[in-house]
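**Student:** File follows, coords_36.cif with mmCIF, C-alpha atoms:
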data_run
#
loop_
_atom_site.label_atom_id
_atom_site.label_comp_id
_atom_site.auth_asym_id
_atom_site.auth_seq_id
_atom_site.Cartn_x
_atom_site.Cartn_y
_atom_site.Cartn_z
CA MET A 1310 -97.24 -62.89 -8.91
CA ASN A 1311 -99.04 -63.68 -5.66
CA LYS A 1312 -96.65 -61.38 -3.81
CA HIS A 1313 -97.34 -58.59 -6.30
CA PHE A 1314 -101.09 -58.86 -5.86
CA THR A 1315 -100.71 -58.88 -2.07
CA ALA A 1316 -98.45 -55.82 -2.23
CA SER A 1317 -100.92 -53.97 -4.47
CA SER A 1318 -103.97 -54.75 -2.34
CA ILE A 1319 -105.47 -52.67 0.46
CA PRO A 1320 -105.77 -54.69 3.68
CA LYS A 1321 -109.34 -54.95 4.92
CA GLY A 1322 -108.52 -53.24 8.22
CA ILE A 1323 -106.98 -50.19 6.52
CA HIS A 1324 -109.93 -49.94 4.11
CA CYS A 1325 -112.30 -50.20 7.08
CA LEU A 1326 -110.40 -47.44 8.89
CA SER A 1327 -110.84 -45.08 5.95
CA LEU A 1328 -114.57 -45.84 5.64
CA ARG A 1329 -115.32 -45.46 9.36
CA LEU A 1330 -113.38 -42.21 9.63
CA THR A 1331 -115.14 -40.85 6.54
CA ASP A 1332 -118.46 -41.68 8.16
CA GLU A 1333 -117.28 -39.97 11.35
CA TYR A 1334 -116.52 -36.82 9.35
CA SER A 1335 -120.19 -36.70 8.31
CA SER A 1336 -121.64 -37.26 11.78
CA ASN A 1337 -119.17 -35.71 14.24
CA ALA A 1338 -118.52 -31.96 14.22
CA HIS A 1339 -115.31 -32.50 16.18
CA ALA A 1340 -113.97 -34.64 13.33
CA ARG A 1341 -114.64 -31.70 10.98
CA ARG A 1342 -112.94 -29.05 13.11
CA GLN A 1343 -110.57 -26.76 11.29
CA LEU A 1344 -106.99 -27.99 11.00
CA PRO A 1345 -105.06 -26.21 12.26
CA ALA A 1346 -107.05 -23.88 14.52
CA PRO A 1347 -107.65 -20.43 12.94
CA GLU A 1348 -105.15 -18.68 15.21
CA LEU A 1349 -102.40 -21.06 13.99
CA LEU A 1350 -102.98 -20.57 10.25
CA PRO A 1351 -100.13 -18.01 9.86
CA LEU A 1352 -97.66 -20.69 10.98
CA LEU A 1353 -98.39 -22.74 7.85
CA SER A 1354 -96.19 -20.31 5.91
CA ASP A 1355 -93.78 -19.33 8.69
CA ASN A 1356 -90.25 -20.29 7.60
CA SER A 1357 -88.94 -20.27 11.17
CA TYR A 1358 -90.80 -23.58 11.63
CA HIS A 1359 -89.78 -27.00 10.30
CA HIS A 1360 -92.18 -27.93 7.52
CA PHE A 1361 -92.72 -31.58 6.59
CA ILE A 1362 -94.77 -32.64 3.56
CA LEU A 1363 -96.42 -36.05 3.24
CA SER A 1364 -98.50 -37.16 0.24
CA THR A 1365 -100.56 -40.32 0.80
CA ASP A 1366 -103.98 -42.00 0.78
CA ASN A 1367 -103.03 -44.44 3.57
CA ILE A 1368 -104.35 -43.05 6.87
CA LEU A 1369 -102.62 -45.58 9.13
CA ALA A 1370 -99.27 -45.07 7.39
CA ALA A 1371 -99.67 -41.29 7.62
CA SER A 1372 -100.33 -41.56 11.35
CA VAL A 1373 -97.10 -43.52 11.84
CA VAL A 1374 -95.02 -41.00 9.87
CA VAL A 1375 -96.43 -38.04 11.81
CA THR A 1376 -96.39 -39.74 15.23
CA SER A 1377 -92.83 -41.03 14.85
CA THR A 1378 -91.58 -37.63 13.65
CA VAL A 1379 -93.12 -35.81 16.62
CA ALA A 1380 -92.05 -38.48 19.15
CA SER A 1381 -88.44 -38.35 17.91
CA SER A 1382 -88.21 -34.57 17.82
CA LEU A 1383 -86.35 -32.50 20.41
CA ARG A 1384 -88.48 -29.50 19.44
CA PRO A 1385 -91.94 -30.83 18.45
CA GLU A 1386 -93.45 -27.37 18.94
CA LYS A 1387 -91.52 -26.26 15.81
CA ILE A 1388 -93.03 -28.96 13.57
CA VAL A 1389 -95.63 -28.22 10.89
CA PHE A 1390 -96.96 -31.18 8.91
CA HIS A 1391 -98.67 -30.66 5.56
CA VAL A 1392 -100.52 -33.89 4.76
CA ILE A 1393 -101.81 -34.09 1.18
CA THR A 1394 -104.30 -36.75 0.16
CA ASP A 1395 -106.78 -37.48 -2.62
CA LYS A 1396 -110.45 -36.51 -2.70
CA LYS A 1397 -111.81 -39.90 -1.65
CA THR A 1398 -109.54 -40.08 1.41
CA TYR A 1399 -109.71 -36.43 2.46
CA ALA A 1400 -112.64 -36.73 4.93
CA GLY A 1401 -111.16 -39.80 6.64
CA MET A 1402 -107.65 -38.33 6.81
CA HIS A 1403 -109.00 -35.08 8.25
CA SER A 1404 -111.05 -36.99 10.82
CA TRP A 1405 -108.03 -38.97 12.00
CA PHE A 1406 -105.86 -35.94 12.72
CA ALA A 1407 -108.76 -33.89 14.11
CA LEU A 1408 -109.59 -36.66 16.59
CA ASN A 1409 -105.95 -37.63 17.27
CA PRO A 1410 -103.97 -34.39 17.58
CA VAL A 1411 -100.19 -34.59 17.91
CA SER A 1412 -99.75 -31.47 20.02
CA PRO A 1413 -97.64 -29.38 20.13
CA ALA A 1414 -96.97 -30.07 16.44
CA ILE A 1415 -99.25 -28.41 13.89
CA ILE A 1416 -101.09 -30.48 11.26
CA GLU A 1417 -102.68 -29.35 8.01
CA VAL A 1418 -104.67 -31.85 5.93
CA LYS A 1419 -105.40 -30.87 2.36
CA GLY A 1420 -106.96 -32.72 -0.58
CA VAL A 1421 -105.52 -32.39 -4.08
CA HIS A 1422 -108.91 -30.94 -5.09
CA GLN A 1423 -108.29 -28.01 -2.74
CA PHE A 1424 -105.17 -26.79 -4.57
CA GLU A 1425 -106.35 -24.29 -7.16
CA TRP A 1426 -102.97 -24.49 -8.91
CA LEU A 1427 -103.42 -28.17 -9.77
CA THR A 1428 -105.10 -27.85 -13.17
CA ARG A 1429 -104.50 -29.82 -16.35
CA GLU A 1430 -102.88 -26.71 -17.84
CA ASN A 1431 -100.30 -26.58 -15.05
CA VAL A 1432 -99.97 -30.34 -14.61
CA PRO A 1433 -99.72 -31.93 -18.06
CA VAL A 1434 -98.30 -35.06 -16.46
CA LEU A 1435 -101.75 -35.63 -14.92
CA GLU A 1436 -103.40 -35.95 -18.31
CA ALA A 1437 -100.47 -37.90 -19.68
CA VAL A 1438 -100.52 -40.58 -16.99
CA GLU A 1439 -104.30 -40.93 -16.91
CA SER A 1440 -105.31 -40.84 -20.54
CA HIS A 1441 -102.35 -41.82 -22.70
CA ASN A 1442 -103.43 -44.95 -24.56
CA SER A 1443 -100.02 -46.58 -24.55
CA ILE A 1444 -99.80 -46.22 -20.78
CA ARG A 1445 -103.33 -47.55 -20.31
CA ASN A 1446 -102.44 -50.56 -22.43
CA TYR A 1447 -99.19 -51.00 -20.56
CA TYR A 1448 -100.99 -51.23 -17.23
CA HIS A 1449 -104.24 -52.86 -18.24
CA GLY A 1450 -103.57 -54.69 -21.51
CA ASN A 1451 -103.09 -58.43 -21.85
CA HIS A 1452 -99.57 -59.53 -21.01
CA VAL A 1453 -98.64 -62.77 -22.69
CA ALA A 1454 -95.32 -63.79 -21.24
CA ALA A 1455 -93.64 -66.51 -19.27
CA PRO A 1456 -94.91 -66.41 -15.65
CA ARG A 1457 -91.51 -65.53 -14.19
CA MET A 1458 -90.96 -62.70 -16.68
CA PHE A 1459 -94.51 -61.49 -16.15
CA ALA A 1460 -94.07 -61.48 -12.39
CA SER A 1461 -90.78 -59.60 -12.59
CA LYS A 1462 -92.46 -56.75 -14.48
CA LEU A 1463 -95.55 -56.52 -12.31
CA GLN A 1464 -94.15 -54.32 -9.57
CA ALA A 1465 -93.17 -51.59 -12.03
CA ARG A 1466 -96.72 -51.72 -13.42
CA SER A 1467 -98.33 -50.87 -10.10
CA PRO A 1468 -101.30 -48.46 -10.38
CA LYS A 1469 -99.61 -46.17 -7.84
CA TYR A 1470 -97.38 -44.91 -10.64
CA ILE A 1471 -100.37 -43.33 -12.38
CA SER A 1472 -101.53 -41.65 -9.18
CA LEU A 1473 -101.20 -37.87 -8.98
CA LEU A 1474 -100.17 -38.26 -5.32
CA ASN A 1475 -97.02 -39.98 -6.52
CA HIS A 1476 -96.12 -37.10 -8.85
CA LEU A 1477 -97.00 -34.23 -6.47
CA ARG A 1478 -93.47 -33.73 -5.17
CA ILE A 1479 -92.40 -32.20 -8.49
CA TYR A 1480 -94.87 -29.34 -7.89
CA LEU A 1481 -93.89 -28.42 -4.32
CA PRO A 1482 -92.57 -24.91 -5.14
CA GLU A 1483 -95.94 -24.01 -6.66
CA LEU A 1484 -98.11 -25.76 -4.08
CA PHE A 1485 -96.26 -24.07 -1.21
CA PRO A 1486 -95.27 -20.69 -2.66
CA ASN A 1487 -94.43 -19.12 0.72
CA LEU A 1488 -92.10 -21.86 1.99
CA ASP A 1489 -88.33 -21.84 1.46
CA LYS A 1490 -87.14 -25.22 2.79
CA VAL A 1491 -89.11 -28.41 3.44
CA VAL A 1492 -88.54 -32.09 4.13
CA PHE A 1493 -90.62 -34.41 1.97
CA LEU A 1494 -91.38 -37.85 3.44
CA ASP A 1495 -92.83 -40.96 1.82
CA ASP A 1496 -95.61 -42.76 3.69
CA ASP A 1497 -93.58 -45.95 4.21
CA VAL A 1498 -90.95 -44.39 6.47
CA VAL A 1499 -90.47 -44.26 10.23
CA ILE A 1500 -88.56 -41.42 11.89
CA GLN A 1501 -86.29 -42.50 14.76
CA ARG A 1502 -84.21 -39.39 15.40
CA ASP A 1503 -84.68 -35.64 15.64
CA LEU A 1504 -84.72 -34.29 12.08
CA SER A 1505 -84.34 -30.59 12.89
CA PRO A 1506 -80.60 -30.61 11.91
CA LEU A 1507 -81.72 -31.24 8.31
CA TRP A 1508 -82.68 -27.55 8.13
CA ASP A 1509 -79.09 -26.62 9.00
CA ILE A 1510 -77.54 -28.61 6.15
CA ASP A 1511 -75.91 -26.34 3.58
CA LEU A 1512 -77.10 -27.69 0.22
CA LYS A 1513 -74.40 -25.60 -1.55
CA GLY A 1514 -76.97 -23.96 -3.79
CA LYS A 1515 -78.49 -27.29 -4.81
CA VAL A 1516 -82.21 -28.05 -4.67
CA ASN A 1517 -82.47 -31.64 -3.45
CA GLY A 1518 -80.67 -33.01 -0.40
CA ALA A 1519 -80.80 -36.79 -0.82
CA VAL A 1520 -78.96 -39.99 0.09
CA GLU A 1521 -77.04 -41.45 -2.82
CA THR A 1522 -77.71 -45.12 -3.61
CA CYS A 1523 -74.48 -46.18 -5.36
CA ARG A 1524 -72.11 -46.26 -2.40
CA GLY A 1525 -72.80 -49.73 -0.97
CA GLU A 1526 -72.39 -53.39 -1.81
CA ASP A 1527 -76.05 -54.23 -1.39
CA GLU A 1528 -77.24 -54.91 -4.96
CA TRP A 1529 -80.91 -54.47 -4.07
CA VAL A 1530 -80.71 -50.97 -2.69
CA MET A 1531 -77.32 -49.29 -2.42
CA SER A 1532 -75.64 -50.21 -5.71
CA LYS A 1533 -77.83 -48.22 -8.06
CA ARG A 1534 -76.54 -46.14 -10.93
CA PHE A 1535 -78.38 -44.66 -13.90
CA LYS A 1536 -77.82 -47.90 -15.84
CA ASN A 1537 -80.12 -49.66 -13.35
CA TYR A 1538 -83.04 -47.37 -14.26
CA PHE A 1539 -82.56 -46.44 -17.92
CA ASN A 1540 -82.37 -48.23 -21.25
CA PHE A 1541 -79.05 -47.04 -22.67
CA SER A 1542 -79.73 -48.70 -26.01
CA HIS A 1543 -82.27 -45.92 -26.60
CA PRO A 1544 -80.50 -43.04 -28.43
CA LEU A 1545 -82.15 -40.29 -26.39
CA ILE A 1546 -80.90 -41.90 -23.20
CA ALA A 1547 -77.45 -42.73 -24.53
CA ASN A 1548 -76.93 -39.18 -25.84
CA ASN A 1549 -78.09 -37.36 -22.71
CA LEU A 1550 -77.15 -39.48 -19.69
CA ASP A 1551 -74.12 -41.18 -18.16
CA SER A 1552 -74.80 -44.83 -17.33
CA GLU A 1553 -72.38 -44.72 -14.39
CA GLU A 1554 -73.86 -41.64 -12.74
CA CYS A 1555 -74.87 -42.25 -9.13
CA ALA A 1556 -78.58 -42.53 -8.40
CA TRP A 1557 -80.25 -41.09 -5.30
CA ALA A 1558 -83.34 -41.94 -3.28
CA TYR A 1559 -86.80 -40.54 -2.84
CA GLY A 1560 -88.38 -41.10 0.59
CA MET A 1561 -86.65 -38.48 2.73
CA ASN A 1562 -85.55 -35.41 0.80
CA VAL A 1563 -84.57 -31.92 1.90
CA PHE A 1564 -85.87 -29.51 -0.75
CA ASP A 1565 -84.72 -25.90 -1.03
CA LEU A 1566 -87.84 -24.48 -2.67
CA HIS A 1567 -86.30 -21.01 -2.95
CA ALA A 1568 -83.45 -22.37 -5.09
CA TRP A 1569 -85.83 -24.71 -6.94
CA ARG A 1570 -87.97 -21.80 -8.19
CA LYS A 1571 -84.94 -20.47 -10.09
CA THR A 1572 -84.57 -23.68 -12.10
CA SER A 1573 -86.40 -25.44 -14.94
CA ILE A 1574 -86.73 -28.75 -13.05
CA ARG A 1575 -90.51 -28.99 -13.52
CA GLU A 1576 -90.29 -28.22 -17.24
CA THR A 1577 -87.55 -30.83 -17.69
CA TYR A 1578 -89.64 -33.40 -15.82
CA HIS A 1579 -92.64 -32.69 -18.07
CA SER A 1580 -90.64 -32.80 -21.29
CA TRP A 1581 -89.26 -36.25 -20.47
CA GLN A 1582 -92.40 -37.61 -18.80
CA ASN A 1583 -94.52 -36.74 -21.83
CA LEU A 1584 -92.28 -38.32 -24.45
CA LYS A 1585 -94.40 -40.94 -26.16
CA SER A 1586 -91.53 -43.39 -26.19
CA ASN A 1587 -90.81 -43.13 -22.48
CA LEU A 1588 -92.09 -46.63 -21.76
CA THR A 1589 -89.09 -47.98 -23.64
CA MET A 1590 -86.59 -45.58 -22.07
CA TRP A 1591 -86.81 -46.41 -18.38
CA LYS A 1592 -88.37 -48.56 -15.72
CA LEU A 1593 -91.74 -47.17 -14.79
CA GLY A 1594 -92.03 -44.99 -11.72
CA THR A 1595 -91.50 -41.39 -10.70
CA LEU A 1596 -87.80 -41.77 -9.85
CA PRO A 1597 -86.33 -42.18 -13.39
CA PRO A 1598 -87.76 -38.91 -14.79
CA ALA A 1599 -86.81 -37.22 -11.51
CA LEU A 1600 -83.23 -38.48 -11.87
CA ILE A 1601 -83.14 -36.58 -15.17
CA ALA A 1602 -85.00 -33.48 -13.95
CA PHE A 1603 -82.84 -33.03 -10.84
CA LYS A 1604 -79.60 -33.74 -12.69
CA GLY A 1605 -77.02 -31.27 -11.39
CA HIS A 1606 -79.34 -30.14 -8.58
CA VAL A 1607 -78.68 -32.86 -5.97
CA HIS A 1608 -76.55 -32.51 -2.85
CA ALA A 1609 -75.56 -35.83 -1.25
CA ILE A 1610 -76.30 -36.10 2.47
CA ASP A 1611 -75.02 -38.58 5.06
CA PRO A 1612 -76.57 -42.04 4.43
CA GLU A 1613 -77.33 -42.45 8.14
CA TRP A 1614 -80.14 -39.95 7.64
CA HIS A 1615 -82.05 -42.37 5.40
CA MET A 1616 -81.79 -46.17 5.41
CA LEU A 1617 -83.53 -47.91 2.53
CA GLY A 1618 -84.62 -51.41 1.61
CA LEU A 1619 -86.68 -52.60 4.60
CA GLY A 1620 -89.41 -53.70 2.21
CA TYR A 1621 -87.04 -55.60 -0.07
CA GLN A 1622 -84.98 -57.98 1.98
CA ASN A 1623 -85.10 -59.73 5.32
CA LYS A 1624 -81.31 -59.71 5.71
CA THR A 1625 -81.33 -56.05 6.75
CA ASP A 1626 -78.89 -55.49 9.60
CA ILE A 1627 -80.89 -54.71 12.76
CA GLU A 1628 -78.12 -52.63 14.35
CA SER A 1629 -77.97 -50.43 11.24
CA VAL A 1630 -81.76 -50.06 11.40
CA LYS A 1631 -81.53 -48.88 15.01
CA ARG A 1632 -78.89 -46.27 14.12
CA ALA A 1633 -80.68 -44.74 11.13
CA ALA A 1634 -82.57 -41.48 11.52
CA VAL A 1635 -85.19 -42.51 8.95
CA ILE A 1636 -85.93 -46.10 7.97
CA HIS A 1637 -87.69 -46.69 4.68
CA TYR A 1638 -89.80 -49.75 3.88
CA ASN A 1639 -89.44 -49.23 0.14
CA GLY A 1640 -90.26 -52.42 -1.73
CA GLN A 1641 -93.22 -54.77 -1.69
CA SER A 1642 -93.05 -55.98 1.91
CA LYS A 1643 -94.70 -53.03 3.64
CA PRO A 1644 -94.99 -53.36 7.43
CA TRP A 1645 -98.81 -53.06 7.30
CA LEU A 1646 -99.07 -56.03 4.91
CA PRO A 1647 -99.01 -59.72 5.84
CA ILE A 1648 -95.90 -60.10 3.67
CA GLY A 1649 -93.98 -57.57 5.79
CA PHE A 1650 -90.81 -58.96 7.37
CA GLU A 1651 -91.60 -60.01 10.93
CA HIS A 1652 -88.35 -58.85 12.54
CA LEU A 1653 -88.56 -55.42 10.85
CA ARG A 1654 -92.26 -54.77 11.52
CA PRO A 1655 -91.88 -53.76 15.23
CA PHE A 1656 -89.96 -50.62 14.24
CA TRP A 1657 -93.20 -49.52 12.52
CA THR A 1658 -95.88 -50.98 14.82
CA LYS A 1659 -94.46 -49.24 17.91
CA TYR A 1660 -96.01 -46.04 16.53
CA VAL A 1661 -99.48 -47.49 15.87
CA ASN A 1662 -102.04 -46.75 18.59
CA TYR A 1663 -103.73 -50.17 18.80
CA SER A 1664 -105.95 -48.97 21.64
CA ASN A 1665 -107.59 -46.37 19.39
CA ASP A 1666 -111.31 -47.18 18.98
CA PHE A 1667 -111.23 -46.93 15.19
CA VAL A 1668 -108.12 -49.11 14.92
CA ARG A 1669 -109.59 -51.66 17.34
CA ASN A 1670 -113.03 -51.75 15.68
CA CYS A 1671 -111.39 -52.36 12.31
CA HIS A 1672 -109.52 -55.34 13.82
CA ILE A 1673 -106.11 -53.89 12.99
CA MET A 1674 -103.98 -55.92 15.34
CA GLU A 1675 -100.30 -56.06 16.18
CA THR A 1676 -99.02 -59.26 14.60
#
Can the structure from this file be put into structure tokens for me?

**Tutor:**
Amino acid sequence: MNKHFTASSIPKGIHCLSLRLTDEYSSNAHARRQLPAPELLPLLSDNSYHHFILSTDNILAASVVVTSTVASSLRPEKIVFHVITDKKTYAGMHSWFALNPVSPAIIEVKGVHQFEWLTRENVPVLEAVESHNSIRNYYHGNHVAAPRMFASKLQARSPKYISLLNHLRIYLPELFPNLDKVVFLDDDVVIQRDLSPLWDIDLKGKVNGAVETCRGEDEWVMSKRFKNYFNFSHPLIANNLDSEECAWAYGMNVFDLHAWRKTSIRETYHSWQNLKSNLTMWKLGTLPPALIAFKGHVHAIDPEWHMLGLGYQNKTDIESVKRAAVIHYNGQSKPWLPIGFEHLRPFWTKYVNYSNDFVRNCHIMET
């Protein structure tokens, strides 16, 4: 339980960073400068560029994702980053990238409140996750259970699962109507290799290029099938899904938005997400309904593109970490938390600018 509360908390230094950068946005015109510059705006919808999308409210984590992507790229001048954040973090996130440009890459910072398409009519999942009484009770009600059982369920009950930022990826074709192919990154990844070849992968008409997670012996991460996420004693699940079907990972996904727009993926996601009995059908999170929605639309890519589990276990093989194009700290032990694994943290901290005045003044130190 202590580990859960640590994993769910915001470290003081990261909270300080957001507050100070928000204040800077108010007082410093340079922190408010347009991103990107007006003459670069047409490139935000230019499909000859490599478009990355990142949805997060963690400024330090966002800086690591962007910095590591640009540093690892062979053609950084072709990179366009679309950083999406929530309303409370927007000013601070904008300040960070306005004051710390990653030239020659192009950065756009946008708040969810700035997308006119994101209305309750278009996004029923928003109302469902925020106001549904059963979900409120599930997260915030009293849980009388044995401590070990209680602790085992806590991670799935994290408030991040009722955050719109966590559901945004299902709306990418509508949020970016002029883009054809994008790479979506989670905020707990580090990029270690040039990712431009991802745009050359033939998805064979599929929508989602992802690493499958059922091909390894590691029970924590790479031995996941649908039976690990769904309750197959529920008739709706048993009648519609195969328990042995291979699962895949969020975190680094190649999305063909052009192909996606021809499907009913979003509608399928909504129909399953809004079922009142869904709390008994699967483990909470955005992956289980996505596993259903993207069923038949996933193209498996080489697992060396995306290595998972760095936030789950300290037995991760260091040589495998060094070889992976993208390493993913999925799990509770994030590298910016005190419970992060010491020998895995340097792969993340090498991309933090500890000499930055805001980072230094918030006492964010390399540990």

**Student:** To one decimal place in Å, what is the distance between atom CA of Cys1325 of chain A and atom CA of Ile1648 of chain A?

**Tutor:**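 A separation of 19.5 Å between them.
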
**Student:** Could you list, as a list in words, every residue matched by the PyMOL selection byres ((chain A and resi 1659) around 12) in this structure?

**Tutor:**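 This file, filtered by the PyMOL selection byres ((chain A and resi 1659) around 12), leaves Ser1372, Val1373, Val1374, Thr1376, Ser1377, Ala1380, Val1499, Ile1500, Gln1501, Pro1644, Leu1653, Arg1654, Pro1655, Phe1656, Trp1657, Thr1658, Tyr1660, Val1661, Asn1662, Tyr1663, Met1674, Glu1675 and Thr1676 of chain A.
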
**Student:** Those residues with C-alpha atoms, as a CSV table (one decimal), in the coordinates of the input please?

**Tutor:**
chain,number,residue,atom,x,y,z
A,1372,SER,CA,-100.3,-41.6,11.4
A,1373,VAL,CA,-97.1,-43.5,11.8
A,1374,VAL,CA,-95.0,-41.0,9.9
A,1376,THR,CA,-96.4,-39.7,15.2
A,1377,SER,CA,-92.8,-41.0,14.8
A,1380,ALA,CA,-92.0,-38.5,19.2
A,1499,VAL,CA,-90.5,-44.3,10.2
A,1500,ILE,CA,-88.6,-41.4,11.9
A,1501,GLN,CA,-86.3,-42.5,14.8
A,1644,PRO,CA,-95.0,-53.4,7.4
A,1653,LEU,CA,-88.6,-55.4,10.8
A,1654,ARG,CA,-92.3,-54.8,11.5
A,1655,PRO,CA,-91.9,-53.8,15.2
A,1656,PHE,CA,-90.0,-50.6,14.2
A,1657,TRP,CA,-93.2,-49.5,12.5
A,1658,THR,CA,-95.9,-51.0,14.8
A,1660,TYR,CA,-96.0,-46.0,16.5
A,1661,VAL,CA,-99.5,-47.5,15.9
A,1662,ASN,CA,-102.0,-46.8,18.6
A,1663,TYR,CA,-103.7,-50.2,18.8
A,1674,MET,CA,-104.0,-55.9,15.3
A,1675,GLU,CA,-100.3,-56.1,16.2
A,1676,THR,CA,-99.0,-59.3,14.6

**Student:** Just want the 9 Å neighbourhood of segment 1340-1343 of chain A, counted on all atoms listed in the file, with same-chain residues fewer than 4 positions away dropped. Output as an MDAnalysis selection string.

**Tutor:** chainID A and resid 1330 1333:1336 1347 1400:1401 1403:1408 1417

**Student:** Based on the selection just made, write C-alpha atoms of those residues as an mmCIF file, keeping the file's coordinate frame.

**Tutor:**
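Below is the file selection_13.cif, written as the result:
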data_model
loop_
_atom_site.group_PDB
_atom_site.id
_atom_site.type_symbol
_atom_site.label_atom_id
_atom_site.label_comp_id
_atom_site.auth_asym_id
_atom_site.auth_seq_id
_atom_site.Cartn_x
_atom_site.Cartn_y
_atom_site.Cartn_z
ATOM 1 C CA LEU A 1330 -113.380 -42.210 9.630
ATOM 2 C CA GLU A 1333 -117.280 -39.970 11.350
ATOM 3 C CA TYR A 1334 -116.520 -36.820 9.350
ATOM 4 C CA SER A 1335 -120.190 -36.700 8.310
ATOM 5 C CA SER A 1336 -121.640 -37.260 11.780
ATOM 6 C CA PRO A 1347 -107.650 -20.430 12.940
ATOM 7 C CA ALA A 1400 -112.640 -36.730 4.930
ATOM 8 C CA GLY A 1401 -111.160 -39.800 6.640
ATOM 9 C CA HIS A 1403 -109.000 -35.080 8.250
ATOM 10 C CA SER A 1404 -111.050 -36.990 10.820
ATOM 11 C CA TRP A 1405 -108.030 -38.970 12.000
ATOM 12 C CA PHE A 1406 -105.860 -35.940 12.720
ATOM 13 C CA ALA A 1407 -108.760 -33.890 14.110
ATOM 14 C CA LEU A 1408 -109.590 -36.660 16.590
ATOM 15 C CA GLU A 1417 -102.680 -29.350 8.010
#

**Student:** Restricting the calculation to all atoms listed in the file: of A:Leu1352, A:Pro1598, A:Val1498, A:Ser1580, which residue gets closest to Met1616 of chain A?

**Tutor:** A:Val1498

**Student:** Figure out the distance between atom CA of Arg1534 of chain A and atom CA of Lys1631 of chain A, please, to one decimal in Å.

**Tutor:**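 The value is 26.6 Å.
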
**Student:** Write out as a ChimeraX atom specification each polymer residue whose atoms come within 6 Å of His1360 of chain A, counting only C-alpha atoms; drop sequence neighbours fewer than 5 positions from it.

**Tutor:** /A:1389-1390,1491

**Student:** Between atom CA of Trp1614 of chain A and atom CA of Val1635 of chain A, what distance in Å does the model show, to one decimal?

**Tutor:**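 According to the coordinates, atom CA of Trp1614 of chain A and atom CA of Val1635 of chain A are separated by 5.8 Å.
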
**Student:** Residues within 8 Å of Tyr1559 of chain A, please, as a list in words. Count all atoms listed in the file; anything in the same chain fewer than 4 positions from it doesn't count.

**Tutor:**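 The residues satisfying every condition are Asp1495, Ala1519 and Leu1596 of chain A.
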
**Student:** Edge lengths and centre in Å to one decimal, as lines of an AutoDock Vina configuration file, is what I'm after for the box along x, y and z that holds all listed atoms of segment 1312-1330 of chain A once 4 Å is added on each side.

**Tutor:**
center_x = -106.0
center_y = -51.8
center_z = 1.7
size_x = 26.7
size_y = 27.2
size_z = 23.9

**Student:** Which residues are close to Ser1327 of chain A, i.e. within 8 Å by all atoms listed in the file, leaving aside same-chain residues fewer than 5 positions away? Reply as a count of residues only.

**Tutor:** 4

**Student:** Counting all atoms listed in the file, which residue out of A:Ala1602, A:Val1530, A:His1608, A:Asn1367 sits closest to Tyr1621 of chain A?

**Tutor:** A:Val1530

**Student:** Give as a PyMOL selection string every residue, naming chains and numbers as the document does, that has an atom within 12 Å of (-78.7, -44.8, -20.7), counting only C-alpha atoms.

**Tutor:** chain A and resi 1534-1554+1589-1592+1597+1600-1601
